[in-house]
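Structure record follows, encoded as structure tokens.
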Amino acid sequence: TYPDAPAAELRRFADARPNSQEDALALYAKYLAWREADGSAAALAEAAAPRAGTVGEGFASLGPKTAGDRVLLVEGARYDSAFDHAAYVALLCSHMDAACAAADDSRVVVVVDCRPCRGWPSPAGWSFLPLLRAILGTAPDCYPERLRTVVVFPVPYWAAMIMNTVTALLDPVTRDK
């Protein structure tokens, strides 16, 4: 169906829907439509503009690990709920695109640093829920089989409660990671 698509990319979508080739193709078609619209490099850059390049963006790609995984640092205390969630989601997608080419099968380790810092918004834990919902509305379908694991430190009590809530919303494959 997609002879010009990178084999590694097609494999990720097939692995995301292992029980149905039709579902995998439908997911890939949805992804391609997203890439033509909201997921294009220009659209992501425009949507991320309110946060991109600022001190408060809160994301940093740390490069490859020994095993070939990429590490994405998220400084949770920099999150400012006054900004549209779409800017953060677009920024995350831009970092994912920079970290992983479509033609490779590398994965991402997300490291979330929850330590507060003077001058950063350091929001309460529950204020992250709308952002997490927005990320979960895009990332699993557009970046299937890219997540290796998420490491959160230090784990404050609110983060443990949020993780319990969020993991209940994830598909079983992602939840097991």
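Within each chain, counting starts at residue 1; across the structure tokens, chains are named A, B, ... in the order shown, with ligands numbered 1 upward in that order.
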Find the residues of stretch 104-135 of chain A that sit at most 6 Å from stretch 146-156 of chain A; for each, write down the nearest two atoms and how far apart they are in Å, to one decimal. Count only C-alpha atoms. Sort by chain, then by number going up, and give it as CSV.
residue,atom,partner,partner_atom,distance
A:Arg107,CA,A:Arg146,CA,4.5
A:Val108,CA,A:Leu147,CA,5.0
A:Val109,CA,A:Thr149,CA,5.1
A:Val110,CA,A:Val150,CA,4.7
A:Val111,CA,A:Val151,CA,4.8
A:Val112,CA,A:Val152,CA,4.7
A:Asp113,CA,A:Phe153,CA,5.4
A:Cys114,CA,A:Phe153,CA,6.0
Suppose we keep C-alpha atoms; can you now write the selection as a PDB file, in the first residue's frame?
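Wrote it out as again05.pdb, contents follow:
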ATOM      1  CA  ARG A 107      13.367   4.624  20.634  1.00  0.00           C
ATOM      2  CA  VAL A 108      13.123   7.406  23.177  1.00  0.00           C
ATOM      3  CA  VAL A 109      13.689   7.367  26.916  1.00  0.00           C
ATOM      4  CA  VAL A 110      11.793  10.290  28.470  1.00  0.00           C
ATOM      5  CA  VAL A 111      13.340  11.629  31.673  1.00  0.00           C
ATOM      6  CA  VAL A 112      11.034  13.929  33.637  1.00  0.00           C
ATOM      7  CA  ASP A 113      12.817  16.083  36.208  1.00  0.00           C
ATOM      8  CA  CYS A 114      10.217  17.282  38.734  1.00  0.00           C
TER       9      CYS A 114
END
Using only C-alpha atoms, which protein or nucleic acid residues come within 12 Å of A:Arg17? Drop anything in the same chain fewer than 2 positions from it, and give the result as a ChimeraX atom specification. /A:10-15,19-28,140-141,144-145,171-173
Could you pull out all residues of stretch 51-135 of chain A with a DSSP call of alpha helix (DSSP H) and give them as a CSV table (one decimal) with N, CA and C atoms, in the first residue's frame?
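What follows is the written file out.csv:
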chain,number,residue,atom,x,y,z
A,85,HIS,N,-1.8,24.2,25.5
A,85,HIS,CA,-1.2,22.9,25.5
A,85,HIS,C,-0.7,22.5,24.1
A,86,ALA,N,-1.3,23.0,23.1
A,86,ALA,CA,-0.9,22.7,21.7
A,86,ALA,C,0.6,23.1,21.5
A,87,ALA,N,1.0,24.2,22.1
A,87,ALA,CA,2.4,24.6,22.0
A,87,ALA,C,3.4,23.6,22.5
A,88,TYR,N,3.0,23.0,23.7
A,88,TYR,CA,3.9,22.0,24.3
A,88,TYR,C,3.9,20.7,23.5
A,89,VAL,N,2.7,20.3,23.1
A,89,VAL,CA,2.6,19.1,22.3
A,89,VAL,C,3.4,19.2,21.0
A,90,ALA,N,3.3,20.4,20.3
A,90,ALA,CA,4.0,20.6,19.1
A,90,ALA,C,5.5,20.6,19.4
A,91,LEU,N,5.9,21.2,20.5
A,91,LEU,CA,7.3,21.2,20.8
A,91,LEU,C,7.8,19.8,21.1
A,92,LEU,N,7.0,19.0,21.8
A,92,LEU,CA,7.4,17.6,22.0
A,92,LEU,C,7.5,16.8,20.7
A,93,CYS,N,6.6,17.0,19.8
A,93,CYS,CA,6.6,16.4,18.5
A,93,CYS,C,7.9,16.8,17.7
A,94,SER,N,8.2,18.1,17.8
A,94,SER,CA,9.4,18.6,17.1
A,94,SER,C,10.7,17.9,17.7
A,95,HIS,N,10.7,17.7,19.0
A,95,HIS,CA,11.9,17.1,19.6
A,95,HIS,C,11.9,15.6,19.2
A,96,MET,N,10.7,15.0,19.2
A,96,MET,CA,10.7,13.6,18.7
A,96,MET,C,11.2,13.4,17.3
A,97,ASP,N,10.8,14.3,16.4
A,97,ASP,CA,11.2,14.3,15.0
A,97,ASP,C,12.7,14.5,14.9
A,98,ALA,N,13.2,15.4,15.7
A,98,ALA,CA,14.7,15.6,15.7
A,98,ALA,C,15.5,14.4,16.3
A,99,ALA,N,14.9,13.7,17.2
A,99,ALA,CA,15.6,12.6,17.8
A,99,ALA,C,15.5,11.3,17.0
A,129,LEU,N,-2.5,17.5,34.2
A,129,LEU,CA,-3.4,16.5,33.6
A,129,LEU,C,-3.9,17.0,32.2
A,130,PRO,N,-4.3,18.2,32.0
A,130,PRO,CA,-4.7,18.6,30.7
A,130,PRO,C,-3.6,18.5,29.6
A,131,LEU,N,-2.4,18.8,30.0
A,131,LEU,CA,-1.3,18.6,29.1
A,131,LEU,C,-1.0,17.1,28.8
A,132,LEU,N,-1.1,16.3,29.8
A,132,LEU,CA,-0.9,14.9,29.6
A,132,LEU,C,-2.0,14.3,28.7
A,133,ARG,N,-3.3,14.8,28.8
A,133,ARG,CA,-4.4,14.4,27.9
A,133,ARG,C,-4.0,14.8,26.5
A,134,ALA,N,-3.5,16.0,26.3
A,134,ALA,CA,-3.2,16.5,25.0
A,134,ALA,C,-2.1,15.7,24.4
A,135,ILE,N,-1.1,15.4,25.1
A,135,ILE,CA,0.0,14.6,24.6
A,135,ILE,C,-0.5,13.2,24.3
Point-to-point distance in Å for atom CA of A:Thr174 and atom CA of A:Ser40: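 Answer for the atom CA of A:Ser40 to atom CA of A:Thr174 separation: 24.6 Å.
The coordinates place atom CA of A:Ser127 at 19.5 Å from atom CA of A:Ala48.
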All strand (DSSP E or B) positions in stretch 40-170 of chain A, as an NGL selection string: :A and (59-64 or 70-75 or 108-113 or 147-153)
